[in-house]
Amino acid sequence: WFRWAGNDRLIVSLSQLGSLWGEEIRFTRLFVYDLTTRSFTFVGKKDMGVIGDDVLFVDPDGQFVLLAMQRTMLDWPSVWRFPLDGTGEKTGKQIQPPKRYVWDWYADNKGVVRLGVEFLDSGNLRIHYRKAEADPYRVIATIDRNKDPDKGIWQMMRIVTESDEGYVIEKGENGYYALRKFNYVSGEAGETVFAQPDRDIEGAWIDEDNKLIGAWWSDDIDRVHWFDPDLKTLQARLDKALKGQQVWIGSRARNRSRMLVWAGREDDPGAWYIYTGATRRLDILFADKPGLDPAQMATPRAVRFNARDGVGLNGYLTLPVGRDPRNLPLIILPHGGPYGVRDKLDFDAEVQFLANRGYAVLQVNYRGSGGYGEGFEKLGDGQIGRKMQDDLDDAMDWAVAQGHADPARVCVVGSSYGGYAALWAVIRNPERYRCAASFAGVTDWNAHKLSKPTWGAQ
């Protein structure tokens, strides 16, 4: 990954596979590229742990970064301040010594390390917090991850200097994730700032002064709510100018003189534009996958149906272009995860490829998928290979009943958990499916070392 550090420098993370105690593992390291001198230099220490790009804070003027790292493989992480002028390895300074079992550190918007997360042997988490750099740390909360695995503190938005107030995304009383105020002294969430009645809030933007700018969620497509009136107005103008497309306002200059804007659809990979506020001009920066012929792109559509036990399921059906939409060979394409992940109505190159070859493609947000609230996700507890698999079978039956699919020509294709579901589909119900294709599918749950106690896999 890479990001700006001031106007003249980029910090860049590079990774490389290596070996540690006989195991293959990916090491990361941080570098800085100076656009003025065109120099590319290392940021960190020559000897350090596996993770070398855990950046907690980037100076807005590009003078330094705060980097959490292990000094050796046997140390707990400490926090170091490294200048970005190419002298970092020699002049870097430790500003936060390691604490036993504290693996995660957080800094506020001015670069003061304010919070540490201690991972206890019991599996619980202990939160260490201070209001200011001169204050001692104190434990503000202990979280039992078995009783409360989704505690909203793990989706903290921002810590603001000299303030104990912030924001988190946490489950509300209705079981859906909402944006709420958060007090770091009490360790408790406060009033709900923004929520949707039947969808999870997925993220929010907050500026350097702790001002809430916007929040987003997804129904079938990504949606954004702007608290900032100027961005709300701009969004409406862009939606009108790029009518019929999904429009997303991305990176913004600090003075908002220029912004990156993306526009695309479920049948169009889209393009990035530069928006110049002073002239209200939208100039194309680049098109994604410009070689694709729009006439050959299929248009997915949202579908709804009930599973055999009455649970409502959402999915996306893509029919091939130029073919009779009846009695087609069908590919069921379950997503990976499985928990907390979902498919959306967006451009998917794999779906388009399969549809281009004449297949109908059905993506199913089976029970356990994310975005639909706690209740729907918990319906998947203990149901891998069972009711989660039933949902895929029921999706096939729905497509056949609609007349789109030939029941004698159905295949399940997937990767990761989707690969497991594909393999298990033809093992559990060989009479239903002609084939299965698995990429990186899980075939041994015990060897996979998953920690969720309610997996219940076959």
# chains A, B, ... in the order shown; residues from 1 in each chain; ligands from 1
call {"tool": "residues_around", "arguments": {"residues": "A:Pro98", "least_positions_apart": "2", "cutoff": "8 Å", "atoms": "only C-alpha atoms", "output": "CSV table (one decimal) with N, CA, C and O atoms, in the first residue's frame"}}
result
chain,number,residue,atom,x,y,z
A,75,ASP,N,10.3,-9.6,21.4
A,75,ASP,CA,9.8,-8.4,22.2
A,75,ASP,C,8.3,-8.1,21.9
A,75,ASP,O,7.8,-8.5,20.9
A,76,TRP,N,7.7,-7.4,22.8
A,76,TRP,CA,6.4,-6.8,22.6
A,76,TRP,C,6.6,-5.5,21.7
A,76,TRP,O,7.7,-4.9,21.8
A,77,PRO,N,5.6,-5.1,21.0
A,77,PRO,CA,5.8,-3.9,20.1
A,77,PRO,C,6.0,-2.7,21.0
A,77,PRO,O,5.3,-2.5,22.0
A,78,SER,N,6.8,-1.8,20.5
A,78,SER,CA,7.0,-0.5,21.0
A,78,SER,C,6.7,0.5,19.9
A,78,SER,O,6.5,0.1,18.7
A,79,VAL,N,6.6,1.8,20.2
A,79,VAL,CA,6.3,2.8,19.2
A,79,VAL,C,7.5,3.7,19.0
A,79,VAL,O,8.1,4.2,20.0
A,96,GLN,N,7.3,5.2,22.9
A,96,GLN,CA,6.4,4.4,23.7
A,96,GLN,C,7.1,3.0,23.9
A,96,GLN,O,7.2,2.2,23.0
A,100,ARG,N,4.0,-5.5,28.5
A,100,ARG,CA,3.8,-6.9,28.4
A,100,ARG,C,2.4,-7.2,27.8
A,100,ARG,O,1.4,-6.7,28.3
A,102,VAL,N,0.8,-6.2,25.3
A,102,VAL,CA,0.2,-5.2,24.5
A,102,VAL,C,0.7,-5.3,23.1
A,102,VAL,O,1.8,-5.0,22.8
call {"tool": "residues_around", "arguments": {"residues": "stretch 207-210 of chain A", "least_positions_apart": "3", "cutoff": "9 Å", "atoms": "only C-alpha atoms", "output": "VMD selection string"}}
result
chain A and resid 109 to 110 158 to 161 165 to 167 213
call {"tool": "write_last_selection", "arguments": {"atoms": "N, CA and C atoms", "output": "compact mmCIF listing (two decimals), in the first residue's frame"}}
result
# COMPACT_ATOMS: atom_id res chain seq x y z
N ASN A 109 -5.01 12.24 16.94
CA ASN A 109 -4.84 13.00 15.70
C ASN A 109 -3.66 13.96 15.73
N LYS A 110 -2.97 14.07 16.87
CA LYS A 110 -1.77 14.90 16.95
C LYS A 110 -0.50 14.06 17.12
N ARG A 158 -11.66 7.50 15.69
CA ARG A 158 -10.55 8.41 15.87
C ARG A 158 -10.44 8.80 17.33
N ILE A 159 -9.21 8.97 17.83
CA ILE A 159 -8.97 9.55 19.14
C ILE A 159 -8.47 10.98 18.91
N VAL A 160 -9.09 11.95 19.58
CA VAL A 160 -8.76 13.35 19.36
C VAL A 160 -7.99 13.89 20.56
N THR A 161 -6.98 14.69 20.28
CA THR A 161 -6.09 15.20 21.31
C THR A 161 -6.84 15.88 22.45
N GLU A 165 -13.64 11.88 24.13
CA GLU A 165 -14.80 11.52 23.33
C GLU A 165 -14.38 11.09 21.94
N GLY A 166 -15.09 10.12 21.42
CA GLY A 166 -14.83 9.65 20.07
C GLY A 166 -16.06 8.97 19.51
N TYR A 167 -15.86 8.14 18.48
CA TYR A 167 -16.96 7.42 17.86
C TYR A 167 -16.56 5.96 17.69
N ILE A 213 -18.00 13.63 9.18
CA ILE A 213 -18.20 14.07 7.80
C ILE A 213 -19.25 13.21 7.11
call {"tool": "select_by_dssp", "arguments": {"residues": "stretch 338-395 of chain A", "states": "alpha helix (DSSP H)", "output": "number ranges by chain"}}
result
A: 349-356, 374-378, 387-395
call {"tool": "closest_atom_pairs", "arguments": {"of": "stretch 352-448 of chain A", "to": "stretch 274-297 of chain A", "cutoff": "9 Å", "atoms": "only C-alpha atoms", "output": "JSON lines"}}
result
{"residue": "A:Gln352", "atom": "CA", "partner": "A:Met297", "partner_atom": "CA", "distance": 6.5}
{"residue": "A:Phe353", "atom": "CA", "partner": "A:Met297", "partner_atom": "CA", "distance": 8.9}
{"residue": "A:Ala355", "atom": "CA", "partner": "A:Met297", "partner_atom": "CA", "distance": 8.4}
{"residue": "A:Asn356", "atom": "CA", "partner": "A:Gln296", "partner_atom": "CA", "distance": 7.1}
call {"tool": "write_last_selection", "arguments": {"atoms": "all heavy atoms", "output": "PDB file, in the first residue's frame"}}
result
ATOM      1  N   GLN A 352     -18.865 -11.786 -14.631  1.00  0.00           N
ATOM      2  CA  GLN A 352     -18.979 -11.387 -16.036  1.00  0.00           C
ATOM      3  C   GLN A 352     -18.350 -12.420 -16.963  1.00  0.00           C
ATOM      4  O   GLN A 352     -18.890 -12.716 -18.041  1.00  0.00           O
ATOM      5  CB  GLN A 352     -18.327 -10.020 -16.242  1.00  0.00           C
ATOM      6  CG  GLN A 352     -19.074  -8.867 -15.592  1.00  0.00           C
ATOM      7  CD  GLN A 352     -20.425  -8.590 -16.213  1.00  0.00           C
ATOM      8  OE1 GLN A 352     -20.670  -8.912 -17.382  1.00  0.00           O
ATOM      9  NE2 GLN A 352     -21.320  -7.979 -15.446  1.00  0.00           N
ATOM     10  N   PHE A 353     -17.220 -12.976 -16.551  1.00  0.00           N
ATOM     11  CA  PHE A 353     -16.562 -13.989 -17.383  1.00  0.00           C
ATOM     12  C   PHE A 353     -17.466 -15.207 -17.557  1.00  0.00           C
ATOM     13  O   PHE A 353     -17.632 -15.723 -18.672  1.00  0.00           O
ATOM     14  CB  PHE A 353     -15.238 -14.395 -16.741  1.00  0.00           C
ATOM     15  CG  PHE A 353     -14.548 -15.535 -17.455  1.00  0.00           C
ATOM     16  CD1 PHE A 353     -13.802 -15.311 -18.596  1.00  0.00           C
ATOM     17  CD2 PHE A 353     -14.668 -16.833 -16.982  1.00  0.00           C
ATOM     18  CE1 PHE A 353     -13.179 -16.359 -19.262  1.00  0.00           C
ATOM     19  CE2 PHE A 353     -14.050 -17.890 -17.642  1.00  0.00           C
ATOM     20  CZ  PHE A 353     -13.302 -17.652 -18.790  1.00  0.00           C
ATOM     21  N   ALA A 355     -20.759 -15.437 -17.138  1.00  0.00           N
ATOM     22  CA  ALA A 355     -21.951 -15.097 -17.917  1.00  0.00           C
ATOM     23  C   ALA A 355     -21.615 -14.975 -19.395  1.00  0.00           C
ATOM     24  O   ALA A 355     -22.408 -15.373 -20.260  1.00  0.00           O
ATOM     25  CB  ALA A 355     -22.557 -13.790 -17.402  1.00  0.00           C
ATOM     26  N   ASN A 356     -20.445 -14.459 -19.716  1.00  0.00           N
ATOM     27  CA  ASN A 356     -20.014 -14.331 -21.104  1.00  0.00           C
ATOM     28  C   ASN A 356     -19.882 -15.684 -21.779  1.00  0.00           C
ATOM     29  O   ASN A 356     -20.014 -15.805 -22.996  1.00  0.00           O
ATOM     30  CB  ASN A 356     -18.692 -13.567 -21.163  1.00  0.00           C
ATOM     31  CG  ASN A 356     -18.232 -13.295 -22.565  1.00  0.00           C
ATOM     32  OD1 ASN A 356     -17.408 -14.032 -23.107  1.00  0.00           O
ATOM     33  ND2 ASN A 356     -18.769 -12.230 -23.165  1.00  0.00           N
TER      34      ASN A 356
END
call {"tool": "atom_distance", "arguments": {"atom1": "atom CA of A:Trp103", "atom2": "atom CA of A:Phe27"}}
result
16.7 Å
call {"tool": "residues_around", "arguments": {"residues": "A:Tyr33", "least_positions_apart": "6", "cutoff": "7 Å", "atoms": "only C-alpha atoms", "output": "ChimeraX atom specification"}}
result
/A:9-11,39-41
call {"tool": "closest_residue", "arguments": {"among": "A:Glu23, A:Asp59, A:Asp200, A:Asp144", "to": "A:Gly375", "atoms": "only C-alpha atoms"}}
result
A:Asp200
call {"tool": "residues_around", "arguments": {"residues": "A:Trp1", "least_positions_apart": "3", "cutoff": "9 Å", "atoms": "only C-alpha atoms", "output": "compact mmCIF listing (two decimals) with N, CA, C and O atoms, in the first residue's frame"}}
result
# COMPACT_ATOMS: atom_id res chain seq x y z
N ILE A 11 4.70 7.46 1.58
CA ILE A 11 5.19 6.30 2.33
C ILE A 11 4.62 5.06 1.68
O ILE A 11 3.45 5.02 1.26
N VAL A 12 5.46 4.05 1.55
CA VAL A 12 5.13 2.86 0.77
C VAL A 12 5.41 1.62 1.61
O VAL A 12 6.50 1.49 2.20
N SER A 13 4.47 0.72 1.67
CA SER A 13 4.66 -0.56 2.34
C SER A 13 4.95 -1.64 1.29
O SER A 13 4.21 -1.77 0.30
N LEU A 14 6.02 -2.38 1.51
CA LEU A 14 6.36 -3.52 0.65
C LEU A 14 6.37 -4.79 1.50
O LEU A 14 6.68 -4.75 2.68
call {"tool": "atom_distance", "arguments": {"atom1": "atom CA of A:Trp217", "atom2": "atom CA of A:Glu188"}}
result
23.1 Å
call {"tool": "residues_around", "arguments": {"residues": "stretch 218-227 of chain A", "least_positions_apart": "4", "cutoff": "6 Å", "atoms": "only C-alpha atoms", "output": "PDB file with N, CA, C and O atoms, in the first residue's frame"}}
result
ATOM      1  N   ILE A 213     -17.998  13.632   9.183  1.00  0.00           N
ATOM      2  CA  ILE A 213     -18.197  14.066   7.798  1.00  0.00           C
ATOM      3  C   ILE A 213     -19.255  13.210   7.108  1.00  0.00           C
ATOM      4  O   ILE A 213     -20.144  13.716   6.443  1.00  0.00           O
ATOM      5  N   GLY A 214     -19.140  11.884   7.236  1.00  0.00           N
ATOM      6  CA  GLY A 214     -20.078  11.010   6.536  1.00  0.00           C
ATOM      7  C   GLY A 214     -20.026   9.603   7.082  1.00  0.00           C
ATOM      8  O   GLY A 214     -19.116   9.230   7.832  1.00  0.00           O
ATOM      9  N   LYS A 232     -22.656  16.865   0.845  1.00  0.00           N
ATOM     10  CA  LYS A 232     -24.013  16.392   0.527  1.00  0.00           C
ATOM     11  C   LYS A 232     -24.507  17.029  -0.766  1.00  0.00           C
ATOM     12  O   LYS A 232     -25.089  16.362  -1.636  1.00  0.00           O
ATOM     13  N   LYS A 344     -22.445  -7.975  -3.094  1.00  0.00           N
ATOM     14  CA  LYS A 344     -23.203  -6.759  -3.367  1.00  0.00           C
ATOM     15  C   LYS A 344     -23.489  -6.681  -4.862  1.00  0.00           C
ATOM     16  O   LYS A 344     -22.954  -7.465  -5.659  1.00  0.00           O
ATOM     17  N   LEU A 345     -24.291  -5.695  -5.217  1.00  0.00           N
ATOM     18  CA  LEU A 345     -24.611  -5.470  -6.616  1.00  0.00           C
ATOM     19  C   LEU A 345     -23.550  -4.550  -7.206  1.00  0.00           C
ATOM     20  O   LEU A 345     -23.771  -3.339  -7.377  1.00  0.00           O
TER      21      LEU A 345
END
call {"tool": "residues_around", "arguments": {"residues": "A:Asp267", "least_positions_apart": "5", "cutoff": "7 Å", "atoms": "only C-alpha atoms", "output": "PDB file with C-alpha atoms, in the first residue's frame"}}
result
ATOM      1  CA  MET A 297     -21.396  -6.994 -20.174  1.00  0.00           C
ATOM      2  CA  ALA A 298     -24.313  -8.708 -18.449  1.00  0.00           C
ATOM      3  CA  THR A 299     -26.434  -6.788 -15.951  1.00  0.00           C
ATOM      4  CA  PHE A 347     -19.027  -5.190 -10.950  1.00  0.00           C
TER       5      PHE A 347
END
call {"tool": "residues_around", "arguments": {"residues": "A:Val50", "least_positions_apart": "3", "cutoff": "8 Å", "atoms": "only C-alpha atoms", "output": "list in words"}}
result
Arg26, Phe27, Thr28, Gln70 and Met73 of chain A
call {"tool": "atom_distance", "arguments": {"atom1": "atom CA of A:Arg126", "atom2": "atom CA of A:Trp105"}}
result
12.3 Å
call {"tool": "select_by_dssp", "arguments": {"residues": "stretch 65-245 of chain A", "states": "strand (DSSP E or B)", "output": "ChimeraX atom specification"}}
result
/A:65-69,78-83,93-96,102-107,113-119,125-129,138-143,156,165-171,177-183,188-194,201-206,212-218,222-226
call {"tool": "closest_residue", "arguments": {"among": "A:Pro197, A:Ala204, A:Tyr129, A:Asp121", "to": "A:Val185", "atoms": "only C-alpha atoms"}}
result
A:Tyr129
